[in-house]
Structure formats: C-alpha cells, structure tokens
>>> print(open('upload34.cif').read())   # mmCIF, C-alpha atoms
data_final
#
loop_
_atom_site.label_atom_id
_atom_site.label_comp_id
_atom_site.auth_asym_id
_atom_site.auth_seq_id
_atom_site.Cartn_x
_atom_site.Cartn_y
_atom_site.Cartn_z
CA MET J 1 18.05 212.79 149.05
CA SER J 2 17.72 214.37 152.47
CA PRO J 3 14.36 214.23 154.29
CA GLU J 4 14.00 218.01 153.86
CA LEU J 5 14.24 217.83 150.05
CA ASN J 6 12.25 214.61 149.86
CA GLU J 7 9.39 216.28 151.74
CA VAL J 8 9.27 219.06 149.12
CA LEU J 9 9.30 216.50 146.30
CA THR J 10 6.50 214.51 147.95
CA ASP J 11 4.36 217.61 148.47
CA ALA J 12 4.82 218.70 144.85
CA ILE J 13 3.80 215.29 143.50
CA ARG J 14 0.88 215.16 145.92
CA VAL J 15 -0.42 218.50 144.62
CA VAL J 16 -0.05 217.44 140.99
CA ASN J 17 -1.89 214.18 141.61
CA PHE J 18 -4.63 216.01 143.55
CA ILE J 19 -5.32 218.20 140.53
CA LYS J 20 -4.59 215.87 137.61
CA THR J 21 -6.45 212.76 138.82
CA ARG J 22 -9.73 214.66 139.07
CA PRO J 23 -11.01 215.86 135.66
CA LEU J 24 -13.21 218.59 137.16
CA LYS J 25 -10.38 220.01 139.26
CA ALA J 26 -8.03 219.83 136.28
CA ARG J 27 -10.49 221.91 134.20
CA LEU J 28 -11.01 224.41 137.03
CA PHE J 29 -7.25 224.77 137.51
CA SER J 30 -6.79 225.32 133.78
CA ALA J 31 -9.45 228.04 133.83
CA LEU J 32 -7.74 229.67 136.83
CA CYS J 33 -4.39 229.68 135.02
CA ASP J 34 -5.97 231.34 131.98
CA GLU J 35 -7.67 233.90 134.20
CA MET J 36 -4.41 234.75 135.98
CA GLY J 37 -2.50 234.95 132.70
CA ALA J 38 -0.13 232.10 133.57
CA MET J 39 2.57 230.88 131.22
CA HIS J 40 0.99 227.41 131.22
CA SER J 41 -2.63 226.37 131.53
CA ASP J 42 -2.06 222.90 132.94
CA LEU J 43 0.22 220.73 135.04
CA LEU J 44 2.05 217.67 133.78
CA PHE J 45 1.11 214.33 135.27
CA HIS J 46 3.75 212.56 137.35
CA SER J 47 4.61 208.99 136.37
CA GLU J 48 7.08 206.79 138.23
CA ALA J 49 7.64 204.75 135.07
CA ARG J 50 9.01 207.62 132.99
CA TRP J 51 12.57 208.88 133.38
CA LEU J 52 11.81 212.42 132.28
CA SER J 53 8.66 212.79 134.37
CA ARG J 54 9.92 214.43 137.54
CA GLY J 55 12.09 217.11 135.97
CA LYS J 56 9.31 218.42 133.73
CA VAL J 57 6.65 218.08 136.44
CA LEU J 58 8.66 220.01 139.04
CA SER J 59 9.57 222.75 136.58
CA GLN J 60 5.89 223.22 135.74
CA VAL J 61 4.93 223.25 139.42
CA PHE J 62 7.54 225.93 140.16
CA GLU J 63 6.39 228.11 137.27
CA LEU J 64 2.72 227.82 138.36
CA ARG J 65 3.39 228.17 142.10
CA GLU J 66 1.16 231.25 142.55
CA GLU J 67 -1.75 229.68 140.66
CA ILE J 68 -1.36 226.46 142.68
CA GLN J 69 -1.44 228.37 145.96
CA VAL J 70 -4.67 230.16 145.01
CA PHE J 71 -6.28 226.95 143.79
CA LEU J 72 -5.36 224.99 146.94
CA GLU J 73 -6.75 227.74 149.17
CA GLU J 74 -10.01 227.72 147.22
CA ASN J 75 -10.21 223.95 147.74
CA GLY J 76 -9.58 224.09 151.48
CA MET J 77 -6.03 222.70 151.43
CA HIS J 78 -4.62 225.59 153.46
CA ASP J 79 -1.81 223.52 155.03
CA VAL J 80 -0.27 222.70 151.64
CA ALA J 81 -1.16 226.08 150.14
CA SER J 82 0.83 227.86 152.86
CA LYS J 83 3.97 226.04 151.73
CA PHE J 84 3.75 227.73 148.33
CA SER J 85 4.29 231.06 150.06
CA ASP J 86 7.16 229.73 152.18
CA GLU J 87 10.46 231.00 150.73
CA GLN J 88 12.48 228.04 152.00
CA PHE J 89 10.02 225.56 150.46
CA LEU J 90 10.06 227.43 147.14
CA MET J 91 13.85 227.63 147.08
CA LYS J 92 14.11 223.87 147.58
CA LEU J 93 11.45 223.35 144.90
CA ALA J 94 13.39 225.58 142.50
CA TYR J 95 16.55 223.56 143.12
CA LEU J 96 14.76 220.22 142.63
CA SER J 97 13.26 221.39 139.34
CA ASP J 98 16.73 222.41 138.17
CA ILE J 99 18.65 219.31 139.29
CA PHE J 100 16.06 216.92 137.86
CA GLY J 101 16.17 218.99 134.67
CA LYS J 102 19.96 218.47 134.55
CA LEU J 103 19.44 214.73 135.03
CA ASN J 104 16.90 214.80 132.19
CA GLU J 105 19.48 216.43 129.92
CA LEU J 106 22.01 213.75 130.83
CA ASN J 107 19.49 210.99 130.21
CA LEU J 108 18.68 212.35 126.74
CA GLN J 109 22.39 212.55 125.91
CA LEU J 110 22.68 208.83 126.67
CA GLN J 111 19.92 207.91 124.22
CA GLY J 112 20.03 207.54 120.45
CA ARG J 113 21.55 205.40 117.75
CA ASP J 114 25.29 204.71 117.57
CA LYS J 115 25.71 205.35 121.29
CA HIS J 116 28.39 203.03 122.66
CA LEU J 117 30.17 202.59 125.97
CA PRO J 118 32.95 205.10 125.14
CA HIS J 119 30.38 207.82 124.33
CA LEU J 120 28.40 207.15 127.50
CA ALA J 121 31.53 207.04 129.66
CA ASP J 122 32.41 210.54 128.43
CA LYS J 123 28.94 211.92 129.24
CA ILE J 124 28.88 210.38 132.72
CA SER J 125 32.39 211.64 133.42
CA ALA J 126 31.43 215.16 132.32
CA PHE J 127 28.32 215.16 134.53
CA THR J 128 30.29 213.96 137.57
CA ARG J 129 32.79 216.78 137.05
CA LYS J 130 29.91 219.26 136.74
CA LEU J 131 28.53 218.08 140.08
CA GLU J 132 31.89 218.85 141.65
CA MET J 133 31.89 222.31 140.06
CA TRP J 134 28.30 223.04 141.16
CA GLY J 135 29.13 222.10 144.75
CA ARG J 136 32.18 224.38 144.66
CA ARG J 137 30.14 227.27 143.26
CA LEU J 138 27.46 226.80 145.93
CA ASP J 139 30.19 227.15 148.57
CA GLN J 140 30.81 230.59 147.06
CA GLY J 141 27.08 231.42 147.09
CA ASN J 142 26.88 231.25 143.29
CA THR J 143 23.68 229.72 141.86
CA ASP J 144 23.76 230.98 138.26
CA PHE J 145 24.16 227.45 136.85
CA PHE J 146 20.63 226.59 138.10
CA GLU J 147 18.07 228.71 136.24
CA ASN J 148 15.04 228.55 138.55
CA LEU J 149 17.13 228.62 141.72
CA SER J 150 19.11 231.63 140.53
CA GLU J 151 15.94 233.50 139.55
CA PHE J 152 14.34 232.85 142.93
CA ALA J 153 17.53 233.62 144.89
CA ASP J 154 17.76 237.01 143.19
CA THR J 155 14.32 237.97 144.51
CA SER J 156 14.74 236.41 147.96
CA ASP J 157 18.16 235.78 149.46
CA SER J 158 17.02 235.83 153.10
CA CYS J 159 16.71 232.02 153.30
CA ALA J 160 19.77 231.14 151.20
CA THR J 161 22.03 230.51 154.20
CA THR J 162 19.49 228.04 155.62
CA VAL J 163 18.68 226.16 152.41
CA ILE J 164 22.02 226.02 150.57
CA PRO J 165 23.57 223.47 152.99
CA TYR J 166 20.82 220.99 152.03
CA LEU J 167 21.54 221.62 148.35
CA LYS J 168 25.28 221.12 148.82
CA GLU J 169 24.64 217.91 150.71
CA HIS J 170 22.42 216.59 147.91
CA ILE J 171 24.95 217.44 145.20
CA SER J 172 27.73 215.77 147.21
CA SER J 173 25.54 212.69 147.66
CA LEU J 174 24.78 212.57 143.93
CA ARG J 175 28.47 212.85 143.13
CA ARG J 176 29.35 209.98 145.49
CA PHE J 177 26.72 207.74 143.92
CA PHE J 178 27.87 208.57 140.39
CA GLN J 179 31.47 207.81 141.34
CA LYS J 180 30.38 204.54 142.96
CA TYR J 181 28.23 203.24 140.11
CA PHE J 182 30.13 204.83 137.21
CA PRO J 183 33.86 204.86 138.05
CA ASP J 184 35.83 207.08 135.67
CA ASN J 185 37.39 204.57 133.28
CA SER J 186 36.90 206.54 130.07
CA VAL J 187 40.67 206.61 129.45
CA GLN J 188 40.66 202.90 128.67
CA TYR J 189 38.58 203.63 125.55
CA ASP J 190 40.97 206.24 124.10
CA TRP J 191 42.52 203.76 121.67
CA LEU J 192 39.04 202.85 120.45
CA ARG J 193 37.89 206.46 119.97
CA ASP J 194 41.06 207.65 118.27
CA PRO J 195 43.44 204.79 117.46
CA PHE J 196 45.75 206.96 115.34
CA ASN J 197 46.64 209.34 118.19
CA ALA J 198 46.11 207.35 121.38
CA ALA J 199 48.49 204.81 122.88
CA ALA J 200 47.78 201.11 122.40
CA PRO J 201 46.16 199.28 125.35
CA ALA J 202 48.75 197.86 127.72
CA ASP J 203 47.14 194.40 127.85
CA LEU J 204 47.34 193.60 124.12
CA SER J 205 48.82 190.27 123.14
CA SER J 206 51.81 190.22 120.79
CA ALA J 207 49.60 189.30 117.82
CA GLU J 208 47.06 192.03 118.68
CA GLU J 209 49.77 194.66 119.09
CA ASP J 210 51.28 193.60 115.76
CA GLN J 211 47.93 194.16 114.03
CA TYR J 212 47.40 197.42 115.91
CA ILE J 213 50.69 198.77 114.56
CA GLU J 214 49.78 197.70 111.03
CA MET J 215 46.35 199.30 111.30
CA THR J 216 47.56 202.64 112.69
CA SER J 217 50.22 202.83 109.99
CA ASP J 218 47.66 202.45 107.20
CA SER J 219 47.01 205.90 105.68
CA THR J 220 43.89 204.61 103.88
CA LEU J 221 42.31 203.57 107.17
CA ARG J 222 43.27 206.92 108.68
CA MET J 223 41.24 208.71 106.01
CA LYS J 224 38.29 206.33 106.47
CA PHE J 225 38.30 206.96 110.22
CA THR J 226 37.23 210.60 109.82
CA ALA J 227 34.49 209.73 107.31
CA GLN J 228 32.82 206.81 109.10
CA THR J 229 31.04 206.16 112.36
CA LEU J 230 32.94 204.29 115.04
CA SER J 231 30.99 201.10 114.33
CA GLU J 232 31.51 201.27 110.58
CA PHE J 233 35.22 201.90 110.96
CA TRP J 234 35.93 199.02 113.34
CA LEU J 235 33.78 196.57 111.37
CA GLY J 236 35.93 197.44 108.37
CA VAL J 237 39.10 196.98 110.42
CA GLU J 238 37.87 193.57 111.57
CA ARG J 239 37.93 192.29 107.99
CA GLU J 240 41.58 193.26 107.52
CA HIS J 241 42.91 192.92 111.07
CA PRO J 242 40.57 190.43 112.80
CA LEU J 243 42.25 190.26 116.21
CA ILE J 244 42.29 193.98 117.03
CA GLY J 245 38.99 194.46 115.18
CA GLN J 246 37.23 191.80 117.27
CA ARG J 247 38.57 193.37 120.44
CA ALA J 248 37.07 196.73 119.46
CA VAL J 249 33.76 195.27 118.28
CA GLY J 250 33.49 193.39 121.58
CA ILE J 251 33.35 196.78 123.34
CA LEU J 252 31.02 198.42 120.83
CA LEU J 253 28.60 195.50 120.48
CA PRO J 254 26.86 195.43 123.91
CA PHE J 255 23.70 197.53 124.33
CA ALA J 256 24.94 200.49 126.34
CA THR J 257 21.35 201.61 127.07
CA SER J 258 17.85 200.24 126.52
CA TYR J 259 17.14 202.87 123.83
CA LEU J 260 17.15 200.49 120.85
CA CYS J 261 14.87 198.03 122.66
CA GLU J 262 12.45 200.77 123.68
CA ILE J 263 12.27 202.28 120.20
CA ASP J 264 11.37 198.86 118.79
CA PHE J 265 8.66 198.43 121.42
CA SER J 266 7.31 201.87 120.49
CA ALA J 267 7.22 200.87 116.81
CA VAL J 268 5.31 197.68 117.64
CA ALA J 269 2.85 199.64 119.81
CA SER J 270 2.32 202.12 116.97
CA LEU J 271 1.63 199.29 114.51
CA LYS J 272 -0.89 197.75 116.93
CA THR J 273 -2.66 201.10 117.29
CA LYS J 274 -2.87 201.54 113.52
CA TYR J 275 -4.13 197.95 113.12
CA ARG J 276 -6.88 198.49 115.71
CA SER J 277 -7.89 201.75 114.02
CA ARG J 278 -8.12 199.96 110.68
CA LEU J 279 -10.28 197.22 112.19
CA ASN J 280 -12.56 199.84 113.75
CA ILE J 281 -12.95 201.66 110.42
CA GLU J 282 -13.70 198.39 108.61
CA HIS J 283 -16.29 197.49 111.25
CA GLU J 284 -17.97 200.89 110.95
CA LEU J 285 -18.04 200.56 107.16
CA ARG J 286 -19.66 197.12 107.38
CA VAL J 287 -22.28 198.46 109.80
CA ALA J 288 -22.96 201.43 107.52
CA VAL J 289 -23.30 199.22 104.43
CA SER J 290 -25.59 196.75 106.20
CA SER J 291 -27.85 199.59 107.36
CA LEU J 292 -28.27 200.75 103.75
CA GLN J 293 -29.36 197.31 102.53
CA PRO J 294 -33.19 196.78 102.31
#
>>> encode(input="upload34.cif", output="structure tokens")
Amino acid sequence: MSPELNEVLTDAIRVVNFIKTRPLKARLFSALCDEMGAMHSDLLFHSEARWLSRGKVLSQVFELREEIQVFLEENGMHDVASKFSDEQFLMKLAYLSDIFGKLNELNLQLQGRDKHLPHLADKISAFTRKLEMWGRRLDQGNTDFFENLSEFADTSDSCATTVIPYLKEHISSLRRFFQKYFPDNSVQYDWLRDPFNAAAPADLSSAEEDQYIEMTSDSTLRMKFTAQTLSEFWLGVEREHPLIGQRAVGILLPFATSYLCEIDFSAVASLKTKYRSRLNIEHELRVAVSSLQP
C-alpha cells in the first residue's frame, strides 16, 4: 500500500480507537448519530487479529463520515476533523472501504466445509482476474464496480484525476502479490474436478493411467460423480482403483485453510463458556439455599 493510502487507513483506525476505547465518548458519539439521523449509531472496533475487521470498520467510518467530523470538532481534534471534509481523503477512504470489502468477500469464499485446493485455486484465480479488470476500468475512469467509491465520485469528480493513480497503483500491487503467492495452477486440478471430461494428468504412471481409463469408462461412477461431493466420490474410487484414488485423495486431504481448526476452537470456547455459566448458577443456588437455612 502506498504511503498516501496507508495514511488514510491509519487516520481512520486512529479515529475509531479514539471513540471506541473510551466508553463515555462511545456513548456520546452514539447519541450524536441518533440525533443526526445516521444510518448507524456506532462504530465497529478495529482488531488486528480478525481478518474481516478492516473492511467492515472502514465501511462504517465512510458511512458515518459527517457524524465523525462533527464529533471530532466538538472534542478539539480539528486537524483530523478537517480531513473528513477533504474530498481527496474521502475518496481514498471510499476506495479502501470497497477494496477491503472485496477482500472480505474473497476470504469468506475460502472458508467452509468441503473446501479443497481445487476450489480455492478457482476463487484466487477469479479474484486475480478481477483485479486486472478493475485496473483496466479505472484507466477508463469507470468506478462502478466499487460501491462507495462510485457513489462519492458521482457527487465529486474534481479530485478523481489526482486520486485515481494511487488507486490504480494499489490494485496493480495487489495483483502482483497475488500472482507471486498464488500462481495460477488451477488447470492441474481439472482431472480431479471433472475426471470424465478433462484430460488425464501428463505425469501419471502406466499403472495409474490404466486405472484412470478404467474409472472414466465406468458409467456407474459417472452417475455417482454428479450425486456426491468431491471427497465422497474420490474416497469411493480409492476402494476400487487405489492408485488413482490415492493420488486424488492426496490433493484433497491437506487443510486448504484454517477454517476447520478455528471452528473446533470456537466449539471448545463455547463449551467452556457454558460450563462456567453452569458453575456460576450452581454457586448462586448454593448461596441462596444456605441463606434460607436457620
């Protein structure tokens, strides 16, 4: 991220933390939002440890920009408050809220059960191609793919020529990093996703290719393929054609994301909370009973 965009991000988080870490200020800001008829009555708290934090926080800050400006002026923070009337600052903020929102959407698409490397490779590939398209549209002055940015640009296009180069640079940088860390190798999983229509992998051994031909010629397996998940299908194939089945399961088996680990941790945390609540209730009951005894 360029220093110009990073400064906007830092200022937005600074404002949120200024309001949210002080209970009195949080209540006063909520009252101000209600008085001004704002869409929301509160800001979301920024957390470095949560993937979805920044996108939602920035979107809320952009939507409450007028209320934030008034509140900062009332609290003597005129230097930061003036930025919320600066069109260039607001245009960058609108873009950041949109791009982090897009990253949030991608992150959610990568979570869930039965998500394997082939699925994730498709999502990453699609997002990388979208980045290329967004950069091309920005060259044409088109911002309709970013909701907040498009809305703000329609009301104020005087600073677009100054700000858009920073946005294009950021999108190009994102695209380079995605291509570096996630090279487009989704084609290598075609045989796994659709073995009955895709070509066999070029590096199969003779025995594996023999089993692959037998499997793809089996009309019963073809019917099962449309009715089962990818994992269920290949586990069934492994019983009949172990070599090609083991090769497929070896790709599907690794944890593609930390989702399954995190959901188990959440379940354990929920059980601990319920256990503590039960202990507290039992303690209160014992205290109540003992107070009734003569």
>>> resolve_selection(input="upload34.cif", expression="the PyMOL selection byres ((chain J and resi 130) around 12)", output="JSON, numbers by chain")
{"J": [99, 102, 103, 106, 123, 124, 125, 126, 127, 128, 129, 131, 132, 133, 134, 135, 136, 137, 145, 146, 171, 172, 174, 175, 178]}
>>> write_last_selection(input="upload34.cif", atoms="C-alpha atoms", output="PDB file, in the coordinates of the input")
ATOM      1  CA  ILE J  99      18.650 219.310 139.290  1.00  0.00           C
ATOM      2  CA  LYS J 102      19.960 218.470 134.550  1.00  0.00           C
ATOM      3  CA  LEU J 103      19.440 214.730 135.030  1.00  0.00           C
ATOM      4  CA  LEU J 106      22.010 213.750 130.830  1.00  0.00           C
ATOM      5  CA  LYS J 123      28.940 211.920 129.240  1.00  0.00           C
ATOM      6  CA  ILE J 124      28.880 210.380 132.720  1.00  0.00           C
ATOM      7  CA  SER J 125      32.390 211.640 133.420  1.00  0.00           C
ATOM      8  CA  ALA J 126      31.430 215.160 132.320  1.00  0.00           C
ATOM      9  CA  PHE J 127      28.320 215.160 134.530  1.00  0.00           C
ATOM     10  CA  THR J 128      30.290 213.960 137.570  1.00  0.00           C
ATOM     11  CA  ARG J 129      32.790 216.780 137.050  1.00  0.00           C
ATOM     12  CA  LEU J 131      28.530 218.080 140.080  1.00  0.00           C
ATOM     13  CA  GLU J 132      31.890 218.850 141.650  1.00  0.00           C
ATOM     14  CA  MET J 133      31.890 222.310 140.060  1.00  0.00           C
ATOM     15  CA  TRP J 134      28.300 223.040 141.160  1.00  0.00           C
ATOM     16  CA  GLY J 135      29.130 222.100 144.750  1.00  0.00           C
ATOM     17  CA  ARG J 136      32.180 224.380 144.660  1.00  0.00           C
ATOM     18  CA  ARG J 137      30.140 227.270 143.260  1.00  0.00           C
ATOM     19  CA  PHE J 145      24.160 227.450 136.850  1.00  0.00           C
ATOM     20  CA  PHE J 146      20.630 226.590 138.100  1.00  0.00           C
ATOM     21  CA  ILE J 171      24.950 217.440 145.200  1.00  0.00           C
ATOM     22  CA  SER J 172      27.730 215.770 147.210  1.00  0.00           C
ATOM     23  CA  LEU J 174      24.780 212.570 143.930  1.00  0.00           C
ATOM     24  CA  ARG J 175      28.470 212.850 143.130  1.00  0.00           C
ATOM     25  CA  PHE J 178      27.870 208.570 140.390  1.00  0.00           C
TER      26      PHE J 178
END
>>> axis_aligned_box(input="upload34.cif", around="segment 209-225 of chain J", padding_each_side="8 Å", output="JSON")
{"center_x": 44.8, "center_y": 201.2, "center_z": 111.5, "size_x": 29.0, "size_y": 31.1, "size_z": 31.2}
>>> atom_distance(input="upload34.cif", atom1="atom CA of Ser219 of chain J", atom2="atom CA of Leu117 of chain J")
26.6 Å
>>> residues_around(input="upload34.cif", residues="segment 77-81 of chain J", least_positions_apart="4", cutoff="9 Å", atoms="all atoms listed in the file", output="count of residues only")
9
>>> atom_distance(input="upload34.cif", atom1="atom CA of Val57 of chain J", atom2="atom CA of Pro165 of chain J")
24.3 Å
